[in-house]
Every structure is written in structure tokens, then in C-alpha cells.
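For reference, the structure is listed below as C-alpha cells.
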Amino acid sequence: MVTMAIAKQTLEDMLRRKILLILLIVALGMIALGPSVGFLSPRESSVVLRSMGLAVILIAGLLITILSGIQVIPTEVERRTIYTVLSKPVQRYEFVLGKFLGGIFTVFVMIAAMGIVFLGVLAWQERHFAPDMLKGVLLTFFQMMLLGAMAIFFSTFATPVVNFFLSFSLFIVGNMSAVTESLTSNKNPVTRILASIVHFLIPNFGNFNIQNKLIHPEVTISNETVFIVQNIVYAIIYSAVLLILAILVFDRREV
């Protein structure tokens, strides 16, 4: 299948990029050094390790996803290799989907590596396996999948530098979804309308953050399974919409 062939090639190219490997190594090192906070009590040390591990995976995943997404299409255009690819029996939608899948496979491999090390270090520290932490790693991946789709969409018409700041800025705003949601009931009609536009148009990245529940058991979610499934479905549907828009834009682009 053409799409999977492009995805495989993209994955191989991404795994050879030094900047991504450096980010992965630094993140793995920080996670592995987590148990060094031995001056804290066992309870405090466990909380710090859990929060730091999830935070490191989130930040590293954010940078890896954005750096992957902003380059996959512009690099092909800059190198002019896209002309060779499109001169073959390759449809433009297959090219975009292949690039997206290749980038997401890269993110998956790196988040999986960080997740394995994190869970291993945590199991060693606490003397038992913590399956709840796997939920945090899983939601982080789907959060990055949504971010990757957004970066791919921007890459069809924006330069890598502009794309970087657009993706990063919208990720920050999207993590404030609780704030924008509260403003949708504001008495001021202008504030209410603007907040509604921002809340429903920009992906709600904040919905994927369940770190407080995982780190502090006293924080509860009414139905955790439904909450996780809803966010995964949300990420898949929103990513599909962004990819459709990316295909439509790229299909009309002169390259």
C-alpha cells in the first residue's frame, strides 16, 4: 500500500534525525534520574517521580511531535523530492496520510520508549507495577496525535517557523480549555462569543491531562473509563477532520 510505504520511509527518516534522538535521550535520562530525590519521604518521592515522569513525557512528546509535524511536508518540497514522489502513481491524499502516519509512528515509538522506562523506574521505586500510570502515557500519545494532525494541517500552507509557533501557541491555549469553557457562560456577550469560538474551534488539549487524578488519588473522575474513551474518540475524530482539511488544502497547492 502506497500510504504505508510513505509512512515507513518517513518513520525511518525521522528516527535518523539527531534532534529527535537527543530529545529522547535527555527525556529518558531525566526519567531514570527520578529516584535520586531520596531526601524526600517515600510518599513525597513517589508523587514527585510520578508527576515528573508524566511531565517529562508530555514536554518531550510535545517537542518531538511539533518538530516532526512541521517538517515532513516542507522538507519534501524544499528538497524537491516531492516532484519525484507525485510523478509516480501516488495520490496527494496518500502522500499526506503517509506523512502523518510516519510522524505519528515516530511519536508512538518515542513515547512508548519513555513510557516503558518511566513505568520500570516507578515499579522499582515503589516495589510494584503501577498500571494507572499507563493511562497517563496513553492519553499523552493521543494528545500528541491530535497535535500532530494540527501541525500537518498547518504544514500544507505555512513555513516551518510559522507552523512551530502556531502549533505551540494553540497547544497552550487548548490546555486552557477549562478556562475558556467557564467563560462561555460569562454575562458579557462579546466575551461569551469569543470564548465559545476559542473553546469549540481550538482542540481541547486540556481534557487529556489526568495527572492530578493519577498522582493524587483523592482527586476523582466520575467515570474514568468513559472519560478516557471519550478523549480518545475526540482525538481520533478531530485528527480526521484536520487531515481532511490538510488534504483539501494540499490538493489545491501548486508544488
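Starting from 1 in every chain, residues are counted up; chains themselves are A, B, ... following the order of the C-alpha cells, and ligands are numbered from 1 as listed.
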*For Met1 in chain A, list every protein, DNA or RNA residue within 12 Å, evaluated using only C-alpha atoms, and leave out those in the same chain fewer than 6 positions away; present the list as JSON, numbers by chain.*
{"A": [7, 8, 89, 90, 91, 94, 95, 97, 98]}
Take the selection from the previous step and output its residues with C-alpha atoms, as a short mmCIF file (atom, residue, chain, number, x, y, z; two decimals), in the first residue's frame.
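The result, stored in result-v6.cif:
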data_model
loop_
_atom_site.label_atom_id
_atom_site.label_comp_id
_atom_site.auth_asym_id
_atom_site.auth_seq_id
_atom_site.Cartn_x
_atom_site.Cartn_y
_atom_site.Cartn_z
CA ALA A 7 4.77 6.18 6.34
CA LYS A 8 7.60 3.64 6.69
CA PRO A 89 1.11 6.66 -9.20
CA VAL A 90 0.74 8.38 -5.83
CA GLN A 91 -2.33 10.41 -4.96
CA GLU A 94 -1.92 9.16 0.09
CA PHE A 95 1.13 11.38 0.44
CA LEU A 97 -1.75 10.42 5.11
CA GLY A 98 1.58 8.64 4.72
#
*Quick one: DSSP helix (DSSP H, G or I) residues in range 5-251 of chain A, as a VMD selection string?*
chain A and resid 5 to 15 18 to 32 34 to 36 42 to 69 72 to 79 81 to 86 92 to 126 132 to 155 160 to 174 177 to 183 189 to 201 205 to 208 211 to 215 224 to 251
_Contacts of range 203-212 of chain A at 10 Å (only C-alpha atoms; same-chain gap of 3+ positions) as a PyMOL selection string_ = chain A and resi 50-51+54-55+58+133+135-144+146-147+150+170-181+198-200+215-221+224+227-228+230-232+234-235+238-239
Using only N, CA and C atoms, please write the residues we just selected to a file, as a short mmCIF file (atom, residue, chain, number, x, y, z; two decimals), in the first residue's frame.
data_model
loop_
_atom_site.label_atom_id
_atom_site.label_comp_id
_atom_site.auth_asym_id
_atom_site.auth_seq_id
_atom_site.Cartn_x
_atom_site.Cartn_y
_atom_site.Cartn_z
N ARG A 50 6.19 10.41 39.95
CA ARG A 50 5.03 10.27 39.05
C ARG A 50 4.77 11.56 38.28
N SER A 51 4.74 12.68 38.99
CA SER A 51 4.46 13.97 38.33
C SER A 51 5.58 14.35 37.37
N LEU A 54 5.50 11.97 34.12
CA LEU A 54 4.44 12.33 33.17
C LEU A 54 4.71 13.68 32.52
N ALA A 55 5.28 14.62 33.31
CA ALA A 55 5.58 15.95 32.76
C ALA A 55 6.69 15.85 31.71
N LEU A 58 5.28 14.39 28.56
CA LEU A 58 4.44 15.38 27.88
C LEU A 58 5.28 16.41 27.14
N MET A 133 -0.55 4.58 35.79
CA MET A 133 0.33 5.49 35.08
C MET A 133 0.30 5.25 33.57
N LYS A 135 -2.30 4.83 31.87
CA LYS A 135 -3.39 5.65 31.34
C LYS A 135 -2.89 7.05 30.98
N GLY A 136 -2.03 7.59 31.85
CA GLY A 136 -1.48 8.92 31.57
C GLY A 136 -0.62 8.92 30.33
N VAL A 137 0.19 7.88 30.15
CA VAL A 137 1.04 7.76 28.96
C VAL A 137 0.17 7.60 27.71
N LEU A 138 -0.88 6.79 27.82
CA LEU A 138 -1.78 6.56 26.68
C LEU A 138 -2.46 7.84 26.24
N LEU A 139 -3.00 8.60 27.19
CA LEU A 139 -3.66 9.86 26.84
C LEU A 139 -2.68 10.89 26.30
N THR A 140 -1.45 10.84 26.79
CA THR A 140 -0.43 11.75 26.24
C THR A 140 -0.20 11.46 24.77
N PHE A 141 -0.17 10.16 24.40
CA PHE A 141 0.03 9.81 22.99
C PHE A 141 -1.11 10.35 22.13
N PHE A 142 -2.36 10.15 22.56
CA PHE A 142 -3.49 10.62 21.75
C PHE A 142 -3.54 12.15 21.71
N GLN A 143 -3.09 12.77 22.77
CA GLN A 143 -2.97 14.23 22.77
C GLN A 143 -1.97 14.66 21.70
N MET A 144 -0.86 13.93 21.62
CA MET A 144 0.17 14.25 20.62
C MET A 144 -0.30 13.90 19.20
N LEU A 146 -3.33 14.28 18.11
CA LEU A 146 -4.15 15.44 17.72
C LEU A 146 -3.26 16.63 17.37
N LEU A 147 -2.23 16.85 18.16
CA LEU A 147 -1.30 17.94 17.88
C LEU A 147 -0.57 17.70 16.56
N MET A 150 -2.72 18.59 13.66
CA MET A 150 -2.80 20.04 13.52
C MET A 150 -1.54 20.59 12.86
N LEU A 170 -1.33 27.26 19.96
CA LEU A 170 -2.66 26.67 20.06
C LEU A 170 -2.68 25.52 21.07
N PHE A 171 -1.54 24.84 21.23
CA PHE A 171 -1.46 23.80 22.25
C PHE A 171 -1.60 24.41 23.64
N ILE A 172 -0.94 25.54 23.86
CA ILE A 172 -1.04 26.23 25.16
C ILE A 172 -2.47 26.70 25.40
N VAL A 173 -3.07 27.33 24.38
CA VAL A 173 -4.45 27.81 24.52
C VAL A 173 -5.41 26.63 24.74
N GLY A 174 -5.18 25.54 24.00
CA GLY A 174 -6.03 24.36 24.13
C GLY A 174 -5.95 23.72 25.50
N ASN A 175 -4.82 23.90 26.18
CA ASN A 175 -4.68 23.37 27.53
C ASN A 175 -5.41 24.22 28.56
N MET A 176 -5.93 25.36 28.12
CA MET A 176 -6.71 26.23 29.00
C MET A 176 -8.21 26.04 28.73
N SER A 177 -8.58 24.86 28.26
CA SER A 177 -9.97 24.60 27.89
C SER A 177 -10.93 24.80 29.06
N ALA A 178 -10.48 24.52 30.27
CA ALA A 178 -11.35 24.72 31.44
C ALA A 178 -11.67 26.20 31.63
N VAL A 179 -10.69 27.05 31.33
CA VAL A 179 -10.89 28.49 31.47
C VAL A 179 -11.84 29.00 30.39
N THR A 180 -11.59 28.60 29.14
CA THR A 180 -12.45 29.06 28.04
C THR A 180 -13.87 28.54 28.19
N GLU A 181 -14.01 27.32 28.74
CA GLU A 181 -15.35 26.77 28.95
C GLU A 181 -16.11 27.58 29.99
N VAL A 198 -13.27 30.16 20.66
CA VAL A 198 -11.97 29.58 21.03
C VAL A 198 -12.15 28.17 21.58
N HIS A 199 -13.16 27.99 22.44
CA HIS A 199 -13.34 26.69 23.11
C HIS A 199 -13.72 25.59 22.14
N PHE A 200 -14.58 25.90 21.18
CA PHE A 200 -15.08 24.87 20.28
C PHE A 200 -14.26 24.74 19.00
N ILE A 215 -1.87 11.11 40.18
CA ILE A 215 -0.86 11.37 41.20
C ILE A 215 -1.49 11.50 42.58
N HIS A 216 -2.68 12.11 42.61
CA HIS A 216 -3.38 12.31 43.89
C HIS A 216 -4.70 11.53 43.86
N PRO A 217 -4.75 10.35 44.46
CA PRO A 217 -5.96 9.51 44.41
C PRO A 217 -7.21 10.20 44.96
N GLU A 218 -7.03 11.22 45.81
CA GLU A 218 -8.20 11.90 46.37
C GLU A 218 -8.96 12.71 45.32
N VAL A 219 -8.29 13.02 44.19
CA VAL A 219 -8.96 13.72 43.08
C VAL A 219 -9.70 12.68 42.26
N THR A 220 -10.98 12.83 42.09
CA THR A 220 -11.78 11.80 41.44
C THR A 220 -12.37 12.25 40.11
N ILE A 221 -12.58 11.27 39.23
CA ILE A 221 -13.29 11.45 37.97
C ILE A 221 -14.49 10.52 38.05
N GLU A 224 -13.97 7.10 35.05
CA GLU A 224 -12.67 7.23 34.40
C GLU A 224 -12.61 6.55 33.04
N PHE A 227 -14.39 8.62 30.54
CA PHE A 227 -13.60 9.83 30.34
C PHE A 227 -12.45 9.57 29.36
N ILE A 228 -11.74 8.47 29.56
CA ILE A 228 -10.61 8.14 28.69
C ILE A 228 -11.07 7.81 27.28
N GLN A 230 -13.83 8.74 25.78
CA GLN A 230 -14.33 9.97 25.14
C GLN A 230 -13.19 10.80 24.58
N ASN A 231 -12.11 10.92 25.33
CA ASN A 231 -10.98 11.71 24.86
C ASN A 231 -10.25 11.05 23.70
N ILE A 232 -10.17 9.73 23.71
CA ILE A 232 -9.54 9.02 22.60
C ILE A 232 -10.37 9.20 21.33
N TYR A 234 -12.48 11.61 20.74
CA TYR A 234 -12.37 13.04 20.39
C TYR A 234 -11.09 13.29 19.59
N ALA A 235 -9.97 12.71 20.04
CA ALA A 235 -8.69 12.90 19.35
C ALA A 235 -8.73 12.31 17.95
N TYR A 238 -11.24 14.51 15.71
CA TYR A 238 -10.68 15.84 15.42
C TYR A 238 -9.47 15.71 14.50
N SER A 239 -8.65 14.69 14.71
CA SER A 239 -7.49 14.46 13.85
C SER A 239 -7.94 14.16 12.42
#
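The protein and nucleic acid residues lying at most 10 Å from Leu122 in chain A are Ile31, Ala32, Gly34, Pro35, Ser46, Leu49, Arg50, Gly53, Ile116, His128, Phe129, Ala130 and Met133 of chain A, with only C-alpha atoms considered and sequence neighbours fewer than 6 positions away removed.
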Using only C-alpha atoms, determine which residues lie at most 8 Å from Leu183 in chain A, disregarding the query and same-chain residues fewer than 5 positions distant; provide the list as a compact mmCIF listing (two decimals) with C-alpha atoms, in the first residue's frame.
# COMPACT_ATOMS: atom_id res chain seq x y z
CA THR A 191 -16.58 37.63 25.95
CA ARG A 192 -19.08 34.79 25.75
CA ALA A 195 -14.75 32.23 24.45
CA SER A 196 -17.21 29.93 22.65
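Closest approach to Gly120 in chain A among A:Leu134, A:Ile244, A:Val107, A:Ala27: A:Leu134, based on only C-alpha atoms.
Distance annotation: of A:Gly29, A:Leu194, A:Met14, A:Phe118, the residue with the minimal separation from Pro131 in chain A is A:Phe118; atom set is only C-alpha atoms.
Minimum distance to Ala112 in chain A across A:Gly69, A:Ala60, A:Phe154, A:Val241 (counting only C-alpha atoms) occurs at A:Ala60.
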